[in-house]
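Enquirer: Can you read through this structure? Questions will come right after.
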Amino acid sequence: MTEQPAAPTSTGDAVVPPGSPGLENLLTEERRFPPSPEFAAQANATPDAYAWANADRPGFWADQARELVSWSTPFTQTLDWSDAPFVRWFADGRLNAAYNAVDRHVEAGHGDRVALHFEGEGGDTRTLTYADLQREVSKAANAFAALGVGTGDRVAIYLPLIPEAVITMLACARIGAPHSVVFGGFSAEALSSRILDAEATLVVTADGGFRRGKPSALKPAVDEALAKGAPSVSHVMVVRRTGQPVDWTDGRDVWWHEAVDAASATHAPVDVEAEHPLFILYTSGTTGKPKGIFHTTGGYLTQAAYTHLNVFDLKPETDVYWCTADVGWITGHTYVVYGPLLNGATQVIYEGTPDTPHRGRWWEIVQKYGVTILYTAPTAIRTCMKWGAEIPEQFDLSSLRVLGSVGEPINPEAWMWYRRVIGGDRTPIVDTWWQTETGAIMISPLPGVTETKPGSAQVPLPGIAADVVDDDAQPVPNGGGGYLVLTEPWPSMLRGIWGDPDRYKDTYWSRFRNIYFAGDGAKKDDDGDIWLLGRVDDVMNVSGHRLSTTEIESALVSHPWVAEAAVVGATDETTGQAVVAFVILRGDVAEGHAADAATVQETLRTHVAKEIGPIAKPRQILVVAELPKTRSGKIMRRLLRDVAEHRQVGDATTLADSSVMDLIAQGLATPAAASQD
Ligand code: PRX
């Protein structure tokens, strides 16, 4: 049982949830960066968009949908909210996402424009124009269809960030088969549960990818996941990337280079209804089981294209855009695949880590391709800050003209460093707030329009209605803090949780009636600008990745040594939050291992990596004799967070046994009980 929803801590009238590094500055932040006249003069976004959208929000989105997306059957209906919270946008229109992302650019004479500059970790490169992409996507679509994948069938994708990942997603979209991308860093166990939940018929994977200079295998995890039983899967298509040996199941496994290369390069995109599911993407919630968030076609594409064009000020003929996210996350879906390609952008994708083979790799890539727009996460910026400005300073970054941030609150100092060191004190910064569920950016400055403030995402985009409310759903006044909510439906809104409509209603629409509860704490400053303060539920944000405390607890207690576990997200200077676990060992194990905390720690960390993936590994595991619980048996994570962050433990009066915190504190004082990497 968990303390749910965890109450944010109150500092005066500001709600300050844990894990908001540097945000103590927010009440005194005075720095302002108005757009330069030169930037404003050429900007895609214009200030009048807000008034236009406010006057008729659905009408505004209908205009965007007509302008930015090509429909095979134009829609006549815009918004249907009559069955709230289930929404329909542009419902009688028909279209195809891959046609929109690829073919129409070729038809418009841009076939020679580079769509993807791929940079492998080892320095190998590939360039795909829009015409190349059209050919490759068509071939893959034909190959998938030949394996029996039809419109509506689900395809699981477990690939490194290589062109085939983008091609596969688009090939699925081309045949109307919703894709479910599973991040390559997730374990066989996590992959298995996602394949089962979506009942995927095809899994597309690779022998492996390159990570930190070494090949890192992927196919064995697919084999292991399928060995657990996956009756829906009939084929596994395997891209040869690293050349590692792979086990092979005849009749089930198919090489990409055999099936796709032999397929016809002509494929007619399948028209689907606007509300046809485009993809499922699993994300962590407050309970143990990840949620299959699903998005549909027309509304999602509309908002992906609109936001990408306006928030990044994209000029498709001249910009070189680079979003550093992996396609395993929503940022990769909307701002590597659909947004940029819908807008005919030229972009960079990079397979590896920022420090392979050296800590200047990202900046070398910016210089090499003349990247003009860079979109990344605060954790990456803070890591580069730690490595030192002298590294990026060795490269020519003068091509950059817009910088974006996403995934977690960006502390003002990281924002300032990003602007000064990477952006040469010249580039606008857009701090973009959104979620897997929102599908596309919701709150962000508009470059060329908004006067920016370090650390604030500031204003809902035109066409978006967001607010900060108190416990009774009342908007807080300027200067007040509360919960971030979205008060009107938006085109790229999630359409539900795959196979679980009740969970969809409970999770997002039951906290406040008929308004969407995002799970984030926020504050309005004196100008009414929004500052995001982190999650107020049992979701942690580690390096911009969402992790559920309950999911990691379930993983820990599935180990035979563990009797009970409680997990908290502790503030971490680089990663925003870090996973800290408190475990009670089983009596018999505690006897044998109490003196060897290092073994316990390593064994359990490895176990969590196996159950979920390396990203979920606790930074620290503390062996304790008791956990603090209320009289009704709920774990008081707030107190554990105090311990994990080395703070004075807060109000413990509601504990069933008030001596527990003393016991924990005493236990932690013993060196054998606590160790850290
Ligand atoms: O807590 C917010 C944080 O990331 C959560 C959404 O995570 P996910 O669905 O994985 O999507 C991440 C990429 C869109 C949010 O509930 N978050 C995202 N962007 C920001 C942010 N927190 C503060 N500022 C942001 N710009």
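All residue names refer to the structure tokens as shown: chains lettered A, B, ... in order, residues numbered from 1 in each chain, ligands numbered from 1 in order.
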What does the list of residues within 7 Å of ligand 1 look like if you count only C-alpha atoms and all ligand atoms, written as JSON, numbers by chain?
Expert: {"A": [283, 329, 330, 331, 405, 406, 407, 408, 409, 410, 431, 432, 433, 434, 435, 436, 437, 457, 518, 519, 520, 532, 533, 534, 535, 541, 544, 545, 546]}
Enquirer: Where does DSSP see helix (DSSP H, G or I) in segment 585-623 of chain A, if you list the residues as a VMD selection string?
Expert: chain A and resid 587 to 593 597 to 611 614 to 616
Enquirer: Could the residues in this selection be saved with C-alpha atoms as a CSV table (one decimal), in the first residue's frame?
Expert:
chain,number,residue,atom,x,y,z
A,587,GLY,CA,14.7,-13.3,8.5
A,588,ASP,CA,16.8,-16.2,7.3
A,589,VAL,CA,18.6,-14.0,4.7
A,590,ALA,CA,19.1,-11.1,7.1
A,591,GLU,CA,21.1,-13.5,9.4
A,592,GLY,CA,23.5,-14.5,6.6
A,593,HIS,CA,23.9,-11.2,4.8
A,597,ALA,CA,25.5,-4.9,2.5
A,598,ALA,CA,27.6,-4.7,-0.7
A,599,THR,CA,26.4,-8.2,-1.8
A,600,VAL,CA,22.8,-7.4,-0.9
A,601,GLN,CA,23.0,-4.1,-2.8
A,602,GLU,CA,24.6,-5.5,-5.9
A,603,THR,CA,22.4,-8.6,-6.1
A,604,LEU,CA,19.2,-6.5,-5.7
A,605,ARG,CA,20.3,-3.8,-8.2
A,606,THR,CA,21.1,-6.5,-10.8
A,607,HIS,CA,17.7,-8.1,-10.1
A,608,VAL,CA,15.9,-4.8,-10.7
A,609,ALA,CA,17.8,-4.4,-14.0
A,610,LYS,CA,16.7,-7.9,-15.0
A,611,GLU,CA,13.1,-7.3,-14.1
A,614,PRO,CA,19.2,-0.9,-16.1
A,615,ILE,CA,17.5,2.5,-16.0
A,616,ALA,CA,15.5,1.4,-13.0
Enquirer: Quick one, how far is atom CA of Thr372 of chain A from atom CA of Trp61 of chain A?
Expert: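 Going from atom CA of Thr372 of chain A over to atom CA of Trp61 of chain A, I get 27.7 Å.
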Enquirer: Do you know which residues are at most 9 Å from Phe210 of chain A counting only C-alpha atoms, after dropping those on the same chain fewer than 5 positions away, and could you put them as a PyMOL selection string?
Expert: chain A and resi 120-122+160+215-217+241-242+351-352
Enquirer: Produce a file of the selected residues containing N, CA and C atoms, as an mmCIF file, in the first residue's frame.
Expert:
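The file below, again-v7.cif, is the result:
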data_model
loop_
_atom_site.group_PDB
_atom_site.id
_atom_site.type_symbol
_atom_site.label_atom_id
_atom_site.label_comp_id
_atom_site.auth_asym_id
_atom_site.auth_seq_id
_atom_site.Cartn_x
_atom_site.Cartn_y
_atom_site.Cartn_z
ATOM 1 N N GLY A 120 26.171 6.611 -36.500
ATOM 2 C CA GLY A 120 26.324 5.465 -35.607
ATOM 3 C C GLY A 120 27.318 5.798 -34.505
ATOM 4 N N GLU A 121 27.245 5.048 -33.424
ATOM 5 C CA GLU A 121 28.155 5.376 -32.325
ATOM 6 C C GLU A 121 29.609 5.237 -32.747
ATOM 7 N N GLY A 122 29.892 4.219 -33.573
ATOM 8 C CA GLY A 122 31.273 3.981 -33.989
ATOM 9 C C GLY A 122 31.743 4.906 -35.097
ATOM 10 N N PRO A 160 17.695 -0.520 -31.607
ATOM 11 C CA PRO A 160 18.515 0.639 -31.239
ATOM 12 C C PRO A 160 18.078 1.837 -32.087
ATOM 13 N N PRO A 215 29.354 -3.683 -28.735
ATOM 14 C CA PRO A 215 28.043 -4.175 -29.171
ATOM 15 C C PRO A 215 27.237 -4.622 -27.965
ATOM 16 N N SER A 216 25.976 -4.278 -27.978
ATOM 17 C CA SER A 216 25.123 -4.660 -26.863
ATOM 18 C C SER A 216 23.929 -5.415 -27.460
ATOM 19 N N ALA A 217 23.752 -6.651 -27.022
ATOM 20 C CA ALA A 217 22.802 -7.545 -27.690
ATOM 21 C C ALA A 217 21.349 -7.198 -27.395
ATOM 22 N N ARG A 241 22.854 -5.490 -37.252
ATOM 23 C CA ARG A 241 23.518 -4.221 -36.974
ATOM 24 C C ARG A 241 24.941 -4.448 -36.491
ATOM 25 N N THR A 242 25.105 -5.332 -35.497
ATOM 26 C CA THR A 242 26.433 -5.490 -34.889
ATOM 27 C C THR A 242 27.181 -6.697 -35.431
ATOM 28 N N GLU A 351 23.053 7.186 -32.655
ATOM 29 C CA GLU A 351 22.796 5.924 -31.963
ATOM 30 C C GLU A 351 23.285 5.886 -30.517
ATOM 31 N N GLY A 352 24.378 6.617 -30.225
ATOM 32 C CA GLY A 352 25.133 6.289 -29.010
ATOM 33 C C GLY A 352 24.989 7.239 -27.847
#
Enquirer: May I ask for the distance between atom CA of Ala173 of chain A and atom CA of Ala97 of chain A, given in Å to one decimal place?
Expert: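 Calculated distance between atom CA of Ala173 of chain A and atom CA of Ala97 of chain A is 5.8 Å.
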Enquirer: Write out as an NGL selection string each polymer residue whose atoms come within 8 Å of Val469 of chain A, counting only C-alpha atoms; drop sequence neighbours fewer than 6 positions from it.
Expert: :A and (475-476 or 481-485)
Enquirer: Given the choices A:Ala345, A:Ala563, A:Ala141, A:Ile497, which gets closest to Ala259 of chain A if the distance is worked out from only C-alpha atoms?
Expert: A:Ala141
Enquirer: Using only C-alpha atoms, tabulate the residues of segment 535-624 of chain A lying at most 12 Å from any atom of segment 378-389 of chain A, each with its closest atom pair and that distance in Å to one decimal, by chain and increasing residue number, as a Markdown table.
Expert:
| residue | atom | partner | partner_atom | distance |
| --- | --- | --- | --- | --- |
| A:Asn541 | CA | A:Thr379 | CA | 10.4 |
| A:Val542 | CA | A:Thr379 | CA | 8.5 |
| A:Ser543 | CA | A:Thr379 | CA | 5.2 |
| A:Gly544 | CA | A:Thr379 | CA | 6.9 |
| A:His545 | CA | A:Thr379 | CA | 10.0 |
| A:Asp572 | CA | A:Thr379 | CA | 9.9 |
| A:Glu573 | CA | A:Arg382 | CA | 7.9 |
| A:Thr574 | CA | A:Arg382 | CA | 5.6 |
| A:Thr575 | CA | A:Thr379 | CA | 5.1 |
| A:Gly576 | CA | A:Thr379 | CA | 6.7 |
| A:Gln577 | CA | A:Thr379 | CA | 9.7 |
| A:Ala578 | CA | A:Thr379 | CA | 11.5 |
Enquirer: Please produce a file of those selected residues containing all heavy atoms, as a JSON list (two decimals), in the first residue's frame.
Expert:
[["chain", "number", "residue", "atom", "x", "y", "z"],
["A", 541, "ASN", "N", 11.10, 10.74, -11.71],
["A", 541, "ASN", "CA", 11.63, 11.20, -12.99],
["A", 541, "ASN", "C", 13.15, 11.14, -12.89],
["A", 541, "ASN", "O", 13.77, 11.98, -12.27],
["A", 541, "ASN", "CB", 11.13, 12.63, -13.25],
["A", 541, "ASN", "CG", 11.41, 13.06, -14.67],
["A", 541, "ASN", "OD1", 12.41, 12.66, -15.26],
["A", 541, "ASN", "ND2", 10.54, 13.89, -15.21],
["A", 542, "VAL", "N", 13.72, 10.10, -13.47],
["A", 542, "VAL", "CA", 15.16, 9.90, -13.39],
["A", 542, "VAL", "C", 15.73, 10.15, -14.78],
["A", 542, "VAL", "O", 15.37, 9.45, -15.73],
["A", 542, "VAL", "CB", 15.49, 8.46, -12.91],
["A", 542, "VAL", "CG1", 16.99, 8.24, -12.85],
["A", 542, "VAL", "CG2", 14.86, 8.20, -11.55],
["A", 543, "SER", "N", 16.56, 11.15, -14.89],
["A", 543, "SER", "CA", 17.14, 11.53, -16.18],
["A", 543, "SER", "C", 16.06, 11.75, -17.24],
["A", 543, "SER", "O", 16.23, 11.38, -18.40],
["A", 543, "SER", "CB", 18.10, 10.45, -16.71],
["A", 543, "SER", "OG", 19.15, 10.29, -15.83],
["A", 544, "GLY", "N", 14.93, 12.31, -16.83],
["A", 544, "GLY", "CA", 13.86, 12.56, -17.79],
["A", 544, "GLY", "C", 13.07, 11.30, -18.13],
["A", 544, "GLY", "O", 12.20, 11.32, -18.98],
["A", 545, "HIS", "N", 13.37, 10.18, -17.48],
["A", 545, "HIS", "CA", 12.62, 8.95, -17.74],
["A", 545, "HIS", "C", 11.69, 8.69, -16.58],
["A", 545, "HIS", "O", 12.05, 8.82, -15.42],
["A", 545, "HIS", "CB", 13.57, 7.75, -17.89],
["A", 545, "HIS", "CG", 14.47, 7.89, -19.07],
["A", 545, "HIS", "ND1", 15.73, 7.37, -19.11],
["A", 545, "HIS", "CD2", 14.29, 8.51, -20.25],
["A", 545, "HIS", "CE1", 16.29, 7.65, -20.27],
["A", 545, "HIS", "NE2", 15.44, 8.35, -20.98],
["A", 572, "ASP", "N", 18.57, 14.46, -7.06],
["A", 572, "ASP", "CA", 19.92, 14.17, -7.51],
["A", 572, "ASP", "C", 20.37, 15.31, -8.41],
["A", 572, "ASP", "O", 19.64, 15.72, -9.32],
["A", 572, "ASP", "CB", 19.94, 12.85, -8.28],
["A", 572, "ASP", "CG", 21.34, 12.45, -8.69],
["A", 572, "ASP", "OD1", 21.85, 13.00, -9.70],
["A", 572, "ASP", "OD2", 21.93, 11.60, -8.02],
["A", 573, "GLU", "N", 21.57, 15.78, -8.16],
["A", 573, "GLU", "CA", 22.08, 16.95, -8.86],
["A", 573, "GLU", "C", 22.10, 16.80, -10.38],
["A", 573, "GLU", "O", 21.84, 17.74, -11.11],
["A", 573, "GLU", "CB", 23.52, 17.18, -8.42],
["A", 573, "GLU", "CG", 23.77, 18.54, -7.87],
["A", 573, "GLU", "CD", 25.22, 18.70, -7.50],
["A", 573, "GLU", "OE1", 26.08, 18.41, -8.34],
["A", 573, "GLU", "OE2", 25.48, 19.11, -6.35],
["A", 574, "THR", "N", 22.40, 15.60, -10.86],
["A", 574, "THR", "CA", 22.52, 15.41, -12.30],
["A", 574, "THR", "C", 21.27, 14.83, -12.92],
["A", 574, "THR", "O", 20.77, 15.31, -13.93],
["A", 574, "THR", "CB", 23.71, 14.47, -12.61],
["A", 574, "THR", "OG1", 24.85, 15.00, -11.95],
["A", 574, "THR", "CG2", 23.98, 14.40, -14.09],
["A", 575, "THR", "N", 20.74, 13.78, -12.30],
["A", 575, "THR", "CA", 19.63, 13.07, -12.94],
["A", 575, "THR", "C", 18.27, 13.59, -12.51],
["A", 575, "THR", "O", 17.25, 13.02, -12.89],
["A", 575, "THR", "CB", 19.72, 11.56, -12.64],
["A", 575, "THR", "OG1", 19.67, 11.39, -11.21],
["A", 575, "THR", "CG2", 20.99, 10.95, -13.16],
["A", 576, "GLY", "N", 18.22, 14.67, -11.75],
["A", 576, "GLY", "CA", 16.94, 15.20, -11.27],
["A", 576, "GLY", "C", 16.47, 14.44, -10.06],
["A", 576, "GLY", "O", 16.45, 14.96, -8.94],
["A", 577, "GLN", "N", 16.13, 13.17, -10.27],
["A", 577, "GLN", "CA", 15.85, 12.30, -9.14],
["A", 577, "GLN", "C", 16.65, 11.02, -9.32],
["A", 577, "GLN", "O", 17.05, 10.68, -10.44],
["A", 577, "GLN", "CB", 14.36, 11.95, -9.08],
["A", 577, "GLN", "CG", 13.52, 13.09, -8.54],
["A", 577, "GLN", "CD", 12.07, 12.64, -8.34],
["A", 577, "GLN", "OE1", 11.41, 12.26, -9.28],
["A", 577, "GLN", "NE2", 11.61, 12.68, -7.11],
["A", 578, "ALA", "N", 16.87, 10.32, -8.20],
["A", 578, "ALA", "CA", 17.53, 9.02, -8.26],
["A", 578, "ALA", "C", 16.70, 8.05, -7.44],
["A", 578, "ALA", "O", 16.04, 8.45, -6.47],
["A", 578, "ALA", "CB", 18.94, 9.13, -7.71]]
Enquirer: I need the residue nearest Leu191 of chain A from this list: A:Ile612, A:Glu29, A:Asp396, A:Ser138. Use only C-alpha atoms for the distance.
Expert: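 Smallest distance to Leu191 of chain A is found for A:Ile612.
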Enquirer: Using only C-alpha atoms, which protein or nucleic acid residues come within 12 Å of Gly328 of chain A? Drop anything in the same chain fewer than 4 positions from it, and give the result as a ChimeraX atom specification.
Expert: /A:156-162,165-166,169,179-186,191,279-283,324,332-337,436,545
Enquirer: From the DSSP assignment of the backbone, select every residue of segment 495-614 of chain A that is strand (DSSP E or B), and format the answer as a PyMOL selection string.
Expert: chain A and resi 496-497+516-524+530-535+539-542+545-548+562-572+576-585
Enquirer: Tell me, in Å to one decimal, how far atom CA of Val402 of chain A is from atom CA of Asp425 of chain A.
Expert: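 According to the coordinates, atom CA of Val402 of chain A and atom CA of Asp425 of chain A are separated by 11.1 Å.
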Enquirer: Excluding Phe118 of chain A and any residue of its chain fewer than 6 positions from it, enumerate the residues within 10 Å of it, using only C-alpha atoms, and give them as a PDB file with N, CA and C atoms, in the first residue's frame.
Expert:
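And here is the file that came out, around_0.pdb:
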ATOM      1  N   ASP A 124      30.115   5.288 -38.100  1.00  0.00           N
ATOM      2  CA  ASP A 124      29.538   4.954 -39.405  1.00  0.00           C
ATOM      3  C   ASP A 124      28.349   5.871 -39.654  1.00  0.00           C
ATOM      4  N   THR A 125      28.115   6.212 -40.907  1.00  0.00           N
ATOM      5  CA  THR A 125      27.023   7.146 -41.182  1.00  0.00           C
ATOM      6  C   THR A 125      26.172   6.636 -42.343  1.00  0.00           C
ATOM      7  N   ARG A 126      24.939   7.099 -42.365  1.00  0.00           N
ATOM      8  CA  ARG A 126      24.041   6.828 -43.498  1.00  0.00           C
ATOM      9  C   ARG A 126      23.191   8.059 -43.713  1.00  0.00           C
ATOM     10  N   THR A 127      22.941   8.366 -44.974  1.00  0.00           N
ATOM     11  CA  THR A 127      22.075   9.502 -45.271  1.00  0.00           C
ATOM     12  C   THR A 127      20.874   8.987 -46.034  1.00  0.00           C
ATOM     13  N   LEU A 128      19.687   9.331 -45.562  1.00  0.00           N
ATOM     14  CA  LEU A 128      18.481   8.935 -46.289  1.00  0.00           C
ATOM     15  C   LEU A 128      17.702  10.172 -46.692  1.00  0.00           C
ATOM     16  N   LEU A 161      18.685   2.991 -31.844  1.00  0.00           N
ATOM     17  CA  LEU A 161      18.308   4.168 -32.642  1.00  0.00           C
ATOM     18  C   LEU A 161      19.091   4.135 -33.958  1.00  0.00           C
ATOM     19  N   ILE A 162      18.569   3.351 -34.893  1.00  0.00           N
ATOM     20  CA  ILE A 162      19.153   3.229 -36.227  1.00  0.00           C
ATOM     21  C   ILE A 162      18.036   3.541 -37.222  1.00  0.00           C
ATOM     22  N   PRO A 163      18.365   3.833 -38.478  1.00  0.00           N
ATOM     23  CA  PRO A 163      17.299   4.215 -39.414  1.00  0.00           C
ATOM     24  C   PRO A 163      16.154   3.201 -39.469  1.00  0.00           C
ATOM     25  N   GLN A 347      16.972  15.998 -40.464  1.00  0.00           N
ATOM     26  CA  GLN A 347      17.379  15.829 -39.075  1.00  0.00           C
ATOM     27  C   GLN A 347      18.512  14.847 -38.899  1.00  0.00           C
ATOM     28  N   VAL A 348      19.123  14.930 -37.712  1.00  0.00           N
ATOM     29  CA  VAL A 348      20.209  14.040 -37.324  1.00  0.00           C
ATOM     30  C   VAL A 348      19.644  13.021 -36.347  1.00  0.00           C
ATOM     31  N   ILE A 349      20.020  11.746 -36.489  1.00  0.00           N
ATOM     32  CA  ILE A 349      19.778  10.805 -35.394  1.00  0.00           C
ATOM     33  C   ILE A 349      21.108  10.167 -35.029  1.00  0.00           C
ATOM     34  N   TYR A 350      21.327   9.980 -33.748  1.00  0.00           N
ATOM     35  CA  TYR A 350      22.606   9.460 -33.268  1.00  0.00           C
ATOM     36  C   TYR A 350      22.357   8.261 -32.353  1.00  0.00           C
ATOM     37  N   GLU A 351      23.053   7.186 -32.655  1.00  0.00           N
ATOM     38  CA  GLU A 351      22.796   5.924 -31.963  1.00  0.00           C
ATOM     39  C   GLU A 351      23.285   5.886 -30.517  1.00  0.00           C
TER      40      GLU A 351
END
Enquirer: Using only C-alpha atoms, I'd like a table of the residues in segment 22-63 of chain A that come within 12 Å of segment 287-306 of chain A; for each, show the closest atom pair and its distance in Å rounded to one decimal, ordered by chain and ascending number, as a Markdown table.
Expert:
| residue | atom | partner | partner_atom | distance |
| --- | --- | --- | --- | --- |
| A:Asn44 | CA | A:Tyr306 | CA | 10.3 |
| A:Ala45 | CA | A:Tyr306 | CA | 10.0 |
| A:Ala49 | CA | A:Tyr306 | CA | 11.7 |
| A:Pro58 | CA | A:Gly299 | CA | 11.1 |
| A:Phe60 | CA | A:Tyr306 | CA | 11.0 |
| A:Trp61 | CA | A:Thr302 | CA | 7.7 |
| A:Ala62 | CA | A:Thr302 | CA | 8.8 |
| A:Asp63 | CA | A:Thr302 | CA | 9.7 |
Enquirer: Keeping only N, CA, C and O atoms, take the residues you just selected and write them out as a PDB file, in the first residue's frame.
Expert:
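Result file follows (selection_37.pdb):
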ATOM      1  N   ASN A  44       8.186  31.673 -37.198  1.00  0.00           N
ATOM      2  CA  ASN A  44       6.951  31.039 -37.677  1.00  0.00           C
ATOM      3  C   ASN A  44       5.770  31.452 -36.799  1.00  0.00           C
ATOM      4  O   ASN A  44       4.662  31.620 -37.282  1.00  0.00           O
ATOM      5  N   ALA A  45       6.018  31.526 -35.488  1.00  0.00           N
ATOM      6  CA  ALA A  45       4.924  31.825 -34.558  1.00  0.00           C
ATOM      7  C   ALA A  45       4.674  33.325 -34.513  1.00  0.00           C
ATOM      8  O   ALA A  45       5.601  34.120 -34.637  1.00  0.00           O
ATOM      9  N   ALA A  49      -1.592  34.352 -32.562  1.00  0.00           N
ATOM     10  CA  ALA A  49      -2.089  32.966 -32.542  1.00  0.00           C
ATOM     11  C   ALA A  49      -2.893  32.687 -31.263  1.00  0.00           C
ATOM     12  O   ALA A  49      -3.864  31.932 -31.283  1.00  0.00           O
ATOM     13  N   PRO A  58     -11.493  24.723 -31.046  1.00  0.00           N
ATOM     14  CA  PRO A  58     -11.602  23.649 -32.053  1.00  0.00           C
ATOM     15  C   PRO A  58     -11.384  24.176 -33.472  1.00  0.00           C
ATOM     16  O   PRO A  58     -10.723  23.522 -34.288  1.00  0.00           O
ATOM     17  N   PHE A  60      -9.500  26.599 -34.410  1.00  0.00           N
ATOM     18  CA  PHE A  60      -8.062  26.811 -34.582  1.00  0.00           C
ATOM     19  C   PHE A  60      -7.386  25.491 -34.970  1.00  0.00           C
ATOM     20  O   PHE A  60      -6.599  25.420 -35.914  1.00  0.00           O
ATOM     21  N   TRP A  61      -7.742  24.418 -34.251  1.00  0.00           N
ATOM     22  CA  TRP A  61      -7.108  23.121 -34.540  1.00  0.00           C
ATOM     23  C   TRP A  61      -7.568  22.576 -35.892  1.00  0.00           C
ATOM     24  O   TRP A  61      -6.795  21.927 -36.606  1.00  0.00           O
ATOM     25  N   ALA A  62      -8.820  22.843 -36.237  1.00  0.00           N
ATOM     26  CA  ALA A  62      -9.288  22.382 -37.551  1.00  0.00           C
ATOM     27  C   ALA A  62      -8.487  23.071 -38.653  1.00  0.00           C
ATOM     28  O   ALA A  62      -8.082  22.443 -39.642  1.00  0.00           O
ATOM     29  N   ASP A  63      -8.214  24.360 -38.471  1.00  0.00           N
ATOM     30  CA  ASP A  63      -7.391  25.074 -39.459  1.00  0.00           C
ATOM     31  C   ASP A  63      -6.004  24.446 -39.557  1.00  0.00           C
ATOM     32  O   ASP A  63      -5.459  24.269 -40.648  1.00  0.00           O
TER      33      ASP A  63
END
Enquirer: I'd like the neighbourhood of Leu196 of chain A as a VMD selection string, where a residue qualifies if any of its atoms comes within 8 Å (using only C-alpha atoms), though same-chain residues fewer than 3 positions away should be ignored.
Expert: chain A and resid 192 to 193 199 to 200 230 232
Enquirer: Select, from A:Asp56, A:Asp472, A:Asp153, A:Glu275, the residue with the minimum atom-to-atom distance to Gly496 of chain A, counting only C-alpha atoms.
Expert: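 Once distances to Gly496 of chain A are computed over only C-alpha atoms, the minimum belongs to A:Glu275.
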